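Source file: protein01.txt. Holds: compact mmCIF, C-alpha atoms.
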```
# COMPACT_ATOMS: atom_id res chain seq x y z
CA MET A 6 94.24 87.86 119.52
CA ALA A 7 96.42 86.43 116.75
CA ASP A 8 93.35 86.08 114.50
CA VAL A 9 92.45 89.71 115.11
CA LEU A 10 95.96 90.90 114.23
CA ARG A 11 95.90 88.84 111.03
CA ASN A 12 92.87 90.81 109.92
CA ALA A 13 93.91 93.38 107.31
CA ARG A 14 91.38 95.93 108.54
CA THR A 15 92.68 95.70 112.11
CA ARG A 16 96.29 96.06 110.96
CA LEU A 17 95.41 99.07 108.84
CA VAL A 18 93.56 100.77 111.73
CA LEU A 19 96.45 100.08 114.12
CA ALA A 20 99.01 101.33 111.61
CA SER A 21 96.99 104.51 111.02
CA MET A 22 96.57 105.02 114.77
CA LEU A 23 100.26 104.48 115.54
CA LEU A 24 101.48 106.70 112.73
CA SER A 25 99.04 109.49 113.57
CA THR A 26 99.87 109.29 117.26
CA ALA A 27 103.60 109.25 116.60
CA LEU A 28 103.27 112.29 114.33
CA ALA A 29 101.16 114.16 116.91
CA ALA A 30 103.65 113.25 119.67
CA ALA A 31 106.55 114.49 117.56
CA VAL A 32 104.79 117.79 116.84
CA LEU A 33 103.82 118.31 120.49
CA ALA A 34 107.34 117.45 121.66
CA LEU A 35 108.71 119.98 119.20
CA VAL A 36 106.29 122.61 120.56
CA TYR A 37 107.31 121.77 124.13
CA VAL A 38 111.04 121.95 123.47
CA THR A 39 110.72 125.12 121.38
CA ALA A 40 108.58 126.88 123.99
CA ASN A 41 110.95 125.96 126.83
CA ARG A 42 114.00 127.04 124.91
CA THR A 43 112.39 130.31 123.91
CA ILE A 44 111.37 131.15 127.50
CA ALA A 45 114.78 130.10 128.88
CA ALA A 46 116.62 132.16 126.27
CA GLU A 47 114.49 135.22 126.98
CA THR A 48 115.01 134.85 130.75
CA ARG A 49 118.74 134.37 130.34
CA SER A 50 119.01 137.39 128.08
CA VAL A 51 117.23 139.61 130.62
CA VAL A 52 119.26 138.30 133.59
CA GLU A 53 122.59 138.69 131.80
CA ALA A 54 121.64 142.23 130.77
CA GLU A 55 120.77 143.12 134.38
CA LEU A 56 123.96 141.51 135.66
CA ALA A 57 126.02 143.54 133.21
CA GLY A 58 124.17 146.73 134.18
CA LEU A 59 124.75 146.18 137.90
CA GLU A 60 128.44 145.48 137.27
CA THR A 61 128.64 148.80 135.46
CA ASP A 62 126.98 150.53 138.42
CA TYR A 63 129.60 148.94 140.71
CA GLU A 64 132.46 150.17 138.56
CA ARG A 65 131.05 153.72 138.50
CA LEU A 66 129.55 154.07 141.99
CA GLY A 67 131.29 151.46 144.11
CA VAL A 68 129.71 149.10 146.60
CA LEU A 69 127.34 151.69 148.10
CA GLY A 70 126.09 152.70 144.68
CA LEU A 71 125.56 149.03 143.77
CA ILE A 72 123.63 148.43 147.02
CA THR A 73 121.41 151.40 146.26
CA ALA A 74 120.79 150.14 142.69
CA ILE A 75 119.93 146.63 143.90
CA GLU A 76 117.51 147.89 146.59
CA ARG A 77 115.83 150.16 144.07
CA ARG A 78 115.34 147.26 141.69
CA ALA A 79 114.27 144.88 144.47
CA GLU A 80 111.31 147.17 145.32
CA GLY A 81 109.41 145.91 142.23
CA ALA A 82 111.06 142.52 142.13
CA GLU A 83 108.06 140.65 143.51
CA ARG A 84 106.00 141.79 140.56
CA ARG A 85 108.66 140.78 138.06
CA ASP A 86 109.79 137.59 139.90
CA ALA A 87 113.24 139.13 139.94
CA LEU A 88 115.85 137.93 142.46
CA TYR A 89 118.99 139.81 143.57
CA LEU A 90 121.71 138.97 146.05
CA LEU A 91 124.92 140.83 146.90
CA THR A 92 127.34 139.53 149.58
CA ASN A 93 130.82 140.46 150.66
CA ARG A 94 133.71 138.07 150.26
CA PHE A 95 132.78 136.38 153.57
CA GLY A 96 129.16 135.66 152.57
CA THR A 97 127.48 138.44 154.55
CA VAL A 98 124.38 139.66 152.71
CA LEU A 99 124.75 143.32 151.71
CA ALA A 100 121.62 143.74 149.59
CA GLY A 101 118.91 141.79 147.76
CA ASN A 102 115.82 139.75 148.43
CA MET A 103 117.49 136.36 149.00
CA MET A 104 118.51 135.16 152.49
CA ARG A 105 121.94 133.66 151.76
CA TRP A 106 124.39 132.78 149.05
CA PRO A 107 123.83 129.26 147.68
CA PRO A 108 126.75 127.10 148.84
CA ASP A 109 126.99 125.17 145.56
CA VAL A 110 127.34 128.21 143.32
CA GLU A 111 130.80 129.52 142.47
CA PRO A 112 130.62 133.18 141.29
CA GLY A 113 131.13 133.41 137.54
CA SER A 114 130.30 129.74 136.96
CA GLY A 115 127.62 130.57 134.38
CA TRP A 116 123.92 129.84 134.17
CA VAL A 117 122.50 127.74 137.03
CA GLU A 118 119.17 126.25 138.12
CA LEU A 119 118.74 125.98 141.90
CA ASP A 120 116.40 126.50 144.88
CA LEU A 121 116.78 129.56 147.16
CA ILE A 122 114.86 131.09 150.08
CA ARG A 123 113.15 134.46 149.62
CA THR A 124 113.83 137.01 152.31
CA ALA A 125 110.30 138.43 152.42
CA SER A 126 108.29 135.22 152.55
CA GLY A 127 110.80 132.67 153.73
CA GLU A 128 109.66 130.22 151.08
CA THR A 129 111.99 128.16 148.96
CA VAL A 130 111.61 128.91 145.28
CA PRO A 131 113.26 127.52 142.15
CA ILE A 132 115.32 130.10 140.33
CA SER A 133 117.37 130.45 137.18
CA ALA A 134 120.34 132.70 137.81
CA ALA A 135 123.78 133.91 136.77
CA SER A 136 126.54 135.27 139.05
CA LEU A 137 129.91 136.97 139.04
CA ARG A 138 132.66 138.01 141.44
CA LEU A 139 133.27 141.74 141.60
CA ARG A 140 136.66 143.45 141.66
CA GLY A 141 136.59 143.94 145.45
CA GLY A 142 135.76 140.28 146.17
CA GLU A 143 132.00 140.84 146.49
CA ARG A 144 129.68 138.28 145.00
CA LEU A 145 126.66 139.30 142.87
CA LEU A 146 123.79 136.98 141.82
CA VAL A 147 120.83 137.94 139.60
CA GLY A 148 118.03 135.54 138.74
CA ARG A 149 114.38 134.96 137.98
CA ASP A 150 111.81 132.92 139.87
CA ALA A 151 111.28 129.74 137.82
CA SER A 152 108.02 128.78 139.55
CA ALA A 153 105.85 130.27 136.81
CA ARG A 154 107.89 128.58 134.11
CA ARG A 155 107.61 125.24 135.86
CA GLN A 156 103.86 125.70 136.22
CA PHE A 157 103.73 126.54 132.53
CA GLU A 158 105.67 123.35 131.77
CA GLN A 159 103.21 121.32 133.82
CA VAL A 160 100.22 122.90 132.08
CA LEU A 161 101.91 122.40 128.73
CA LEU A 162 102.64 118.75 129.51
CA LYS A 163 99.06 118.19 130.63
CA THR A 164 97.74 119.91 127.52
CA MET A 165 100.06 117.83 125.37
CA GLY A 166 98.83 114.65 127.04
CA LEU A 167 95.21 115.61 126.38
CA ALA A 168 96.06 116.56 122.79
CA LEU A 169 97.82 113.23 122.34
CA LEU A 170 94.79 111.35 123.65
CA ALA A 171 92.55 113.39 121.33
CA ALA A 172 94.88 112.63 118.41
CA LEU A 173 94.80 108.94 119.32
CA ALA A 174 91.01 108.89 119.43
CA LEU A 175 90.74 110.89 116.22
CA SER A 176 93.20 108.64 114.40
CA LEU A 177 91.27 105.59 115.61
CA LEU A 178 88.02 107.08 114.34
CA THR A 179 89.59 108.20 111.06
CA GLY A 180 91.28 104.82 110.52
CA GLY A 181 88.02 103.03 111.22
CA LEU A 182 86.07 105.20 108.76
CA LEU A 183 88.80 104.92 106.15
CA THR A 184 89.04 101.16 106.38
CA ARG A 185 85.27 100.86 106.38
CA LEU A 186 85.13 102.90 103.18
CA VAL A 187 87.97 101.01 101.49
CA PHE A 188 87.03 97.52 102.64
CA SER A 189 83.37 97.98 101.79
CA ARG A 190 84.47 98.62 98.20
CA LEU A 191 86.81 95.62 98.33
CA GLN A 192 84.00 93.46 99.70
CA GLU A 193 81.80 94.53 96.80
CA THR A 194 84.58 93.51 94.43
CA ALA A 195 85.04 90.19 96.24
CA ARG A 196 81.29 89.42 96.13
CA THR A 197 81.21 90.21 92.42
CA ALA A 198 84.26 87.99 91.84
CA ASP A 199 82.58 85.13 93.74
CA GLU A 200 79.46 85.45 91.58
CA ILE A 201 81.61 85.46 88.44
CA VAL A 202 83.50 82.37 89.64
CA SER A 203 80.13 80.72 90.22
CA GLY A 204 79.41 81.14 86.50
CA ASP A 205 77.60 84.48 86.18
CA LEU A 206 79.85 86.24 83.67
CA THR A 207 77.37 89.11 83.32
CA ARG A 208 78.15 90.46 86.80
CA ARG A 209 80.19 93.67 87.03
CA ILE A 210 81.83 95.57 89.89
CA PRO A 211 79.54 98.44 91.01
CA LEU A 212 80.76 101.96 90.25
CA ARG A 213 79.90 104.84 92.60
CA GLY A 214 80.64 107.62 90.15
CA SER A 215 83.20 109.24 92.44
CA GLY A 216 85.98 109.03 89.87
CA ASP A 217 88.48 108.02 92.55
CA GLU A 218 91.21 105.40 92.15
CA ILE A 219 88.93 102.59 93.31
CA ASP A 220 86.30 103.56 90.74
CA GLN A 221 89.00 103.72 88.07
CA MET A 222 90.25 100.27 89.08
CA ALA A 223 86.68 98.93 89.04
CA GLY A 224 86.17 100.40 85.56
CA THR A 225 89.34 98.74 84.30
CA LEU A 226 88.33 95.41 85.84
CA ASN A 227 84.87 95.70 84.26
CA GLU A 228 86.48 96.28 80.86
CA MET A 229 88.58 93.18 81.45
CA LEU A 230 85.45 91.23 82.42
CA ASP A 231 83.70 92.46 79.26
CA ARG A 232 86.60 91.15 77.22
CA ILE A 233 86.64 87.83 79.10
CA GLU A 234 82.89 87.43 78.61
CA GLU A 235 83.31 88.18 74.92
CA LEU A 236 86.13 85.64 74.60
CA VAL A 237 84.18 82.98 76.50
CA SER A 238 81.10 83.68 74.39
CA ASN A 239 83.19 83.44 71.24
CA LEU A 240 84.72 80.21 72.51
CA ARG A 241 81.30 78.72 73.14
CA THR A 242 80.04 79.89 69.77
CA THR A 243 83.14 78.62 68.03
CA SER A 244 83.00 75.26 69.81
CA ASN A 245 79.36 74.80 68.88
CA ALA A 246 80.03 75.93 65.33
CA ILE A 247 83.02 73.62 65.00
CA ALA A 248 80.96 70.68 66.22
CA HIS A 249 78.17 71.57 63.78
CA ASP A 250 80.22 72.58 60.73
CA LEU A 251 82.77 69.78 60.88
CA ARG A 252 80.20 67.04 61.37
CA SER A 253 79.02 67.22 57.77
CA PRO A 254 82.44 67.11 56.04
CA LEU A 255 83.60 64.39 58.42
CA SER A 256 80.46 62.35 57.68
CA ARG A 257 80.97 62.80 53.94
CA LEU A 258 84.64 61.87 54.29
CA ARG A 259 83.70 58.71 56.16
CA GLN A 260 81.20 57.77 53.46
CA LYS A 261 83.80 58.29 50.73
CA ILE A 262 86.36 56.18 52.59
CA GLU A 263 83.78 53.41 53.13
CA ALA A 264 82.85 53.55 49.45
CA LEU A 265 86.48 53.19 48.45
CA GLY A 266 86.62 49.95 50.39
CA GLU A 267 83.64 48.36 48.62
CA PRO A 268 84.58 45.36 46.41
CA GLY A 269 84.05 45.58 42.67
CA LEU A 270 84.13 49.39 42.60
CA ALA A 271 84.93 50.61 39.07
CA PRO A 272 88.25 52.52 38.73
CA PRO A 273 86.62 55.76 37.46
CA THR A 274 84.24 55.78 40.42
CA ARG A 275 87.10 54.99 42.80
CA GLU A 276 89.08 57.95 41.41
CA VAL A 277 86.11 60.31 41.76
CA ASP A 278 85.40 59.22 45.34
CA GLY A 279 89.11 59.50 46.21
CA ALA A 280 89.27 63.03 44.80
CA ARG A 281 86.18 64.02 46.75
CA ALA A 282 87.66 62.55 49.93
CA LEU A 283 90.88 64.54 49.40
CA ALA A 284 88.80 67.67 48.83
CA GLU A 285 87.01 67.11 52.15
CA VAL A 286 90.37 66.60 53.89
CA ASP A 287 91.72 69.82 52.35
CA HIS A 288 88.62 71.69 53.52
CA LEU A 289 89.06 70.37 57.06
CA LEU A 290 92.73 71.35 57.04
CA ARG A 291 91.87 74.88 55.88
CA VAL A 292 89.32 75.24 58.66
CA LEU A 293 91.74 73.99 61.31
CA THR A 294 94.52 76.24 59.99
CA GLN A 295 92.26 79.28 60.16
CA LEU A 296 91.05 78.34 63.64
CA THR A 297 94.67 78.04 64.78
CA ALA A 298 95.49 81.43 63.27
CA ILE A 299 92.50 83.01 65.04
CA SER A 300 93.51 81.48 68.38
CA ARG A 301 97.09 82.69 68.02
CA ALA A 302 95.95 86.21 67.11
CA GLU A 303 93.46 86.35 70.01
CA ALA A 304 96.27 85.25 72.37
CA GLY A 305 98.54 88.00 71.04
CA LEU A 306 101.21 85.57 69.87
CA GLY A 307 103.55 87.25 67.44
CA ARG A 308 103.65 90.68 69.06
CA ASP A 309 107.39 90.25 69.37
CA GLN A 310 107.56 90.22 65.57
CA PHE A 311 106.04 93.69 65.15
CA GLU A 312 107.94 96.06 62.88
CA GLN A 313 107.29 99.30 61.02
CA VAL A 314 104.81 98.58 58.23
CA ASP A 315 104.26 100.88 55.24
CA PRO A 316 100.47 100.71 54.57
CA ALA A 317 100.79 101.89 50.95
CA ARG A 318 103.37 99.25 50.09
CA LEU A 319 101.38 96.58 51.92
CA LEU A 320 98.23 97.38 49.90
CA ARG A 321 100.15 97.42 46.61
CA ASP A 322 101.81 94.06 47.34
CA VAL A 323 98.50 92.37 48.22
CA ALA A 324 96.72 93.95 45.25
CA GLU A 325 99.50 92.74 42.93
CA LEU A 326 99.00 89.21 44.25
CA TYR A 327 95.28 89.25 43.34
CA ASP A 328 95.56 91.20 40.06
CA PRO A 329 95.55 88.09 37.82
CA LEU A 330 92.46 86.66 39.53
CA ALA A 331 90.65 90.01 39.31
CA ALA A 332 91.67 90.48 35.65
CA GLU A 333 89.91 87.23 34.70
CA ARG A 334 86.61 88.94 35.59
CA ASP A 335 87.63 92.40 34.38
CA ILE A 336 87.66 93.70 37.98
CA ALA A 337 90.00 96.63 38.73
CA LEU A 338 91.92 96.74 42.01
CA LEU A 339 92.42 100.43 42.83
CA VAL A 340 94.90 101.32 45.60
CA GLU A 341 94.45 104.68 47.40
CA ALA A 342 96.96 105.09 50.24
CA SER A 343 98.03 108.21 52.13
CA ALA A 344 99.09 106.92 55.53
CA ASP A 345 102.23 106.95 57.65
CA PRO A 346 103.96 103.72 58.74
CA LEU A 347 102.94 102.09 62.02
CA PRO A 348 104.12 99.11 64.11
CA GLY A 349 102.48 95.84 63.08
CA HIS A 350 102.86 92.23 62.03
CA PRO A 351 103.40 92.38 58.24
CA ALA A 352 102.42 88.78 57.50
CA LEU A 353 99.20 88.88 59.57
CA LEU A 354 98.15 92.26 58.18
CA ALA A 355 98.74 90.92 54.67
CA GLN A 356 96.65 87.84 55.58
CA ALA A 357 93.82 90.07 56.84
CA LEU A 358 93.85 92.15 53.64
CA SER A 359 93.93 88.97 51.55
CA ASN A 360 90.82 87.73 53.33
CA LEU A 361 89.05 91.04 52.70
CA ILE A 362 89.99 91.02 49.00
CA GLU A 363 88.90 87.39 48.59
CA ASN A 364 85.61 88.27 50.25
CA ALA A 365 85.20 91.27 47.91
CA LEU A 366 86.05 89.19 44.81
CA ARG A 367 83.47 86.62 45.89
CA TYR A 368 80.62 89.16 45.69
CA ALA A 369 81.85 91.93 43.35
CA PRO A 370 80.17 91.92 39.91
CA ASP A 371 82.29 91.47 36.77
CA GLY A 372 83.70 94.71 35.35
CA SER A 373 83.44 96.56 38.70
CA THR A 374 86.11 98.17 40.90
CA ILE A 375 87.47 97.09 44.27
CA ARG A 376 89.08 99.92 46.20
CA LEU A 377 91.89 99.32 48.68
CA SER A 378 92.54 102.36 50.89
CA ALA A 379 94.75 103.36 53.80
CA THR A 380 93.99 106.54 55.75
CA SER A 381 95.49 107.68 59.03
CA THR A 382 94.89 110.10 61.87
CA ASP A 383 96.96 110.95 64.93
CA THR A 384 95.51 107.98 66.82
CA ASN A 385 94.70 105.24 64.29
CA LEU A 386 95.13 103.79 60.81
CA CYS A 387 92.25 102.48 58.70
CA LEU A 388 92.88 99.76 56.09
CA ALA A 389 89.70 99.28 54.05
CA VAL A 390 88.50 97.17 51.10
CA ALA A 391 85.31 98.34 49.34
CA ASP A 392 83.43 96.55 46.54
CA GLU A 393 80.38 97.34 44.41
CA GLY A 394 78.53 94.10 45.14
CA PRO A 395 75.06 93.57 46.63
CA GLY A 396 76.26 94.45 50.12
CA VAL A 397 75.12 93.07 53.45
CA PRO A 398 71.82 93.78 55.24
CA GLU A 399 72.21 96.28 58.06
CA ALA A 400 70.91 93.77 60.59
CA ASP A 401 73.68 91.29 59.72
CA LEU A 402 76.69 93.65 59.87
CA HIS A 403 77.41 92.87 63.51
CA ARG A 404 77.56 89.12 62.80
CA LEU A 405 80.22 89.21 60.12
CA ASP A 406 83.23 88.80 62.44
CA GLN A 407 81.74 85.81 64.25
CA PRO A 408 83.25 82.39 63.42
CA PHE A 409 81.42 80.17 60.90
CA VAL A 410 78.96 82.90 59.90
CA THR A 411 78.09 82.55 56.21
CA LEU A 412 75.29 84.84 55.08
CA ASP A 413 74.80 83.01 51.78
CA PRO A 414 74.96 79.25 52.48
CA SER A 415 73.71 78.49 48.98
CA ARG A 416 77.07 79.46 47.48
CA GLY A 417 79.11 76.34 46.90
CA ASP A 418 82.53 77.98 46.98
CA GLY A 419 83.77 76.14 50.06
CA ALA A 420 83.72 79.21 52.32
CA SER A 421 84.10 78.28 55.97
CA GLY A 422 82.92 81.54 57.52
CA LEU A 423 86.25 82.08 59.27
CA GLY A 424 87.85 84.68 57.03
CA LEU A 425 86.37 87.79 58.63
CA ALA A 426 86.70 86.26 62.11
CA LEU A 427 90.44 86.02 61.50
CA VAL A 428 90.48 89.64 60.25
CA ALA A 429 88.77 90.76 63.48
CA ALA A 430 91.23 88.76 65.62
CA ILE A 431 94.20 90.33 63.81
CA ALA A 432 92.68 93.81 64.30
CA ARG A 433 92.30 93.20 68.05
CA MET A 434 95.86 91.90 68.23
CA HIS A 435 96.95 95.33 66.90
CA GLY A 436 94.81 97.18 69.48
CA GLY A 437 92.11 97.93 66.90
CA ARG A 438 88.79 96.62 65.67
CA PHE A 439 86.99 95.25 62.61
CA GLU A 440 84.34 97.47 61.03
CA ALA A 441 81.81 96.78 58.29
CA ARG A 442 79.46 99.24 56.61
CA ARG A 443 77.02 99.38 53.73
CA LEU A 444 77.80 101.51 50.69
CA THR A 445 75.60 102.75 47.89
CA PRO A 446 76.20 100.50 46.11
CA GLY A 447 78.39 97.88 47.72
CA PHE A 448 80.07 96.96 50.96
CA GLU A 449 83.22 98.07 52.83
CA ALA A 450 85.19 96.07 55.39
CA ALA A 451 88.00 97.76 57.33
CA LEU A 452 90.62 97.26 60.02
CA THR A 453 90.95 100.28 62.28
CA LEU A 454 94.32 99.89 64.02
CA ALA A 455 95.66 101.87 66.98
CA ARG A 456 98.92 103.73 66.39
```
Represent the structure from my file as structure tokens, please.
Amino acid sequence: MADVLRNARTRLVLASMLLSTALAAAVLALVYVTANRTIAAETRSVVEAELAGLETDYERLGVLGLITAIERRAEGAERRDALYLLTNRFGTVLAGNMMRWPPDVEPGSGWVELDLIRTASGETVPISAASLRLRGGERLLVGRDASARRQFEQVLLKTMGLALLAALALSLLTGGLLTRLVFSRLQETARTADEIVSGDLTRRIPLRGSGDEIDQMAGTLNEMLDRIEELVSNLRTTSNAIAHDLRSPLSRLRQKIEALGEPGLAPPTREVDGARALAEVDHLLRVLTQLTAISRAEAGLGRDQFEQVDPARLLRDVAELYDPLAAERDIALLVEASADPLPGHPALLAQALSNLIENALRYAPDGSTIRLSATSTDTNLCLAVADEGPGVPEADLHRLDQPFVTLDPSRGDGASGLGLALVAAIARMHGGRFEARRLTPGFEAALTLAR
């Protein structure tokens, strides 16, 4: 029994059943009380009106007139369940259809519920009545047979019991269907999660297209799983690339260090080998620094340092930094900015733009123009760097933001293939994305950031 009660589905069904039953019981009780009060109030109003009318007859016509009025009304009393009783001060019955005055009723004591004997049938009946003492000492009682009302109460109670049982059964059925619907969706989610834990990162929670909250939650979880799969895939790619790309410089570094230890090595050769070893160390440090920056950006570290960034000023500052290098090759850095400020990390955005400009300078022909632009809409800001170089094949555009991707390995400029990967990580940190597109002629790389 304890195991059954620990089951969430059982608890949910029981809670639904109890709440539904309690609500139905409360409604039925309200109906019962309201109906009884309404009937009692109507009966009391009629009886009190009759009692007042008979008292008026007594004042106008005396005892004989009151007796005549009571007997006239008593003729149709059986049909109306009306009850009348008039006695003198000694209890002798003068008129009415009741056999004797109830011993427990004091005239004028207000509304009473009691059992009396009918004169015609001799049966004891429950009545609701009011009484008063007349000026001459006579006692007058007017009431209504309560048998019909009590029968109505019994029928109402029986009906309420049946309705309560129906509500209980319906709530049990509804709770069962509801929990079956909900828990079947949860079981689907749990099965998918188990498959993902087992290593199948391609699995996704099924959507039923209903658009309900569970479908919305499943959609959100699937987006999260897409992002996790992407991060895991990037991690695997990066790990493999690190192992592959660092093996060569580490091997060369080891050779240089071994050569430095050889006896009889001429000083000029020793200096050359030492310089080459330092160059390899510097290359390794640059790679590790960029990898660290990518990891920090992917983890969202630094969001607490966001502040309002002016895109136009940011572009001008970065362009000013690279103006001397561009001037050596007669390359013009043209800034075109018409964008409103947005929250961001100034240093990381500047780093991303620096990487894009360095990439553009690497491929832009001498005497050409590199355009730095900032354009905004209501929802995003686009920071773009466009050059007039040879561009990138359409088939390779999607690979540019992957770590250690170098489309032209023949270039001996020490590029590690991490620059655009860092740009993409910074864009995602700002709720945006990295975009690359071919131009005629040239190539454009951009950060589209969410406002």
Sorted per-residue table, stretch 134-192 of chain A near stretch 78-102 of chain A, closest atoms and distance, 10 Å, all atoms listed in the file, as CSV:
```
residue,atom,partner,partner_atom,distance
A:Ala134,CA,A:Leu88,CA,8.3
A:Ser136,CA,A:Leu90,CA,9.3
A:Arg138,CA,A:Arg94,CA,8.9
A:Leu139,CA,A:Arg94,CA,9.4
A:Gly141,CA,A:Arg94,CA,8.1
A:Gly142,CA,A:Arg94,CA,5.1
A:Glu143,CA,A:Asn93,CA,4.4
A:Arg144,CA,A:Thr92,CA,5.3
A:Leu145,CA,A:Leu91,CA,4.6
A:Leu146,CA,A:Leu90,CA,5.1
A:Val147,CA,A:Tyr89,CA,4.8
A:Gly148,CA,A:Leu88,CA,4.9
A:Arg149,CA,A:Ala87,CA,4.7
A:Asp150,CA,A:Asp86,CA,5.1
A:Ala151,CA,A:Asp86,CA,8.3
A:Ser152,CA,A:Asp86,CA,9.0
A:Ala153,CA,A:Asp86,CA,8.9
```
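Residues having any atom no farther than 9 Å from (81.1, 96.9, 91.8) (counting only C-alpha atoms) are Arg190, Leu191, Glu193, Thr194, Ala195, Arg196, Thr197, Arg208, Arg209, Ile210, Pro211, Leu212, Arg213, Asp220, Ala223, Gly224 and Asn227 of chain A.
Using all atoms listed in the file, the nearest neighbour of A:Arg367 within the list A:Ala342, A:Val428, A:Leu353, A:Leu330 is A:Leu330.
The residue that comes closest to A:Asp371, out of A:Ala355, A:Val323, A:Ala332, A:Ala45 and on the basis of all atoms listed in the file, is A:Ala332.
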What lies within 12 Å of stretch 314-322 of chain A using all atoms listed in the file, ignoring chain neighbours under 2 positions off, as a PyMOL selection string? chain A and resi 310-312+324-328+338-359+361-362+376-381+386-390+452+454+456
Hey, can I get the axis-aligned box for stretch 149-160 of chain A? All listed atoms, 4 Å padding on each side, centre and edge lengths in Å to one decimal, as JSON.
```
{"center_x": 107.3, "center_y": 128.1, "center_z": 135.8, "size_x": 22.2, "size_y": 21.6, "size_z": 16.1}
```
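The gap separating atom CA of A:Met222 from atom CA of A:Thr384 is 24.1 Å, in Å to one decimal.
Coordinates place atom CA of A:Pro370 at a distance of 14.5 Å from atom CA of A:Val397.
Closest approach to A:Tyr368 from the set A:Pro398, A:Gly437, A:Gly216, A:Gly447 is made by A:Gly447, with distances taken over all atoms listed in the file.
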For atom CA of A:Val110 and atom CA of A:Gly67, quote the distance in Å rounded to one decimal. 23.6 Å
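Nearest residue to A:Val117 among A:Met103, A:Leu206, A:Ala30, A:Ile132 is A:Ile132, counting all atoms listed in the file.
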Contact residues around A:Arg443 with all atoms listed in the file at 7 Å, ignoring same-chain residues under 5 positions, as a CSV table (one decimal) with C-alpha atoms, keeping the file's coordinate frame:
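File produced: selection-v9.csv:
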```csv
chain,number,residue,atom,x,y,z
A,396,GLY,CA,76.3,94.4,50.1
A,397,VAL,CA,75.1,93.1,53.4
A,448,PHE,CA,80.1,97.0,51.0
A,449,GLU,CA,83.2,98.1,52.8
```
In terms of all atoms listed in the file, the residue from A:Leu283, A:Glu363, A:Arg140, A:Gln192 at minimal distance from A:Glu60 is A:Arg140
Test item: residues at most 7 Å from A:Ala441, only C-alpha atoms, excluding those fewer than 2 positions along its chain, as a PyMOL selection string: chain A and resi 402+439+449-451
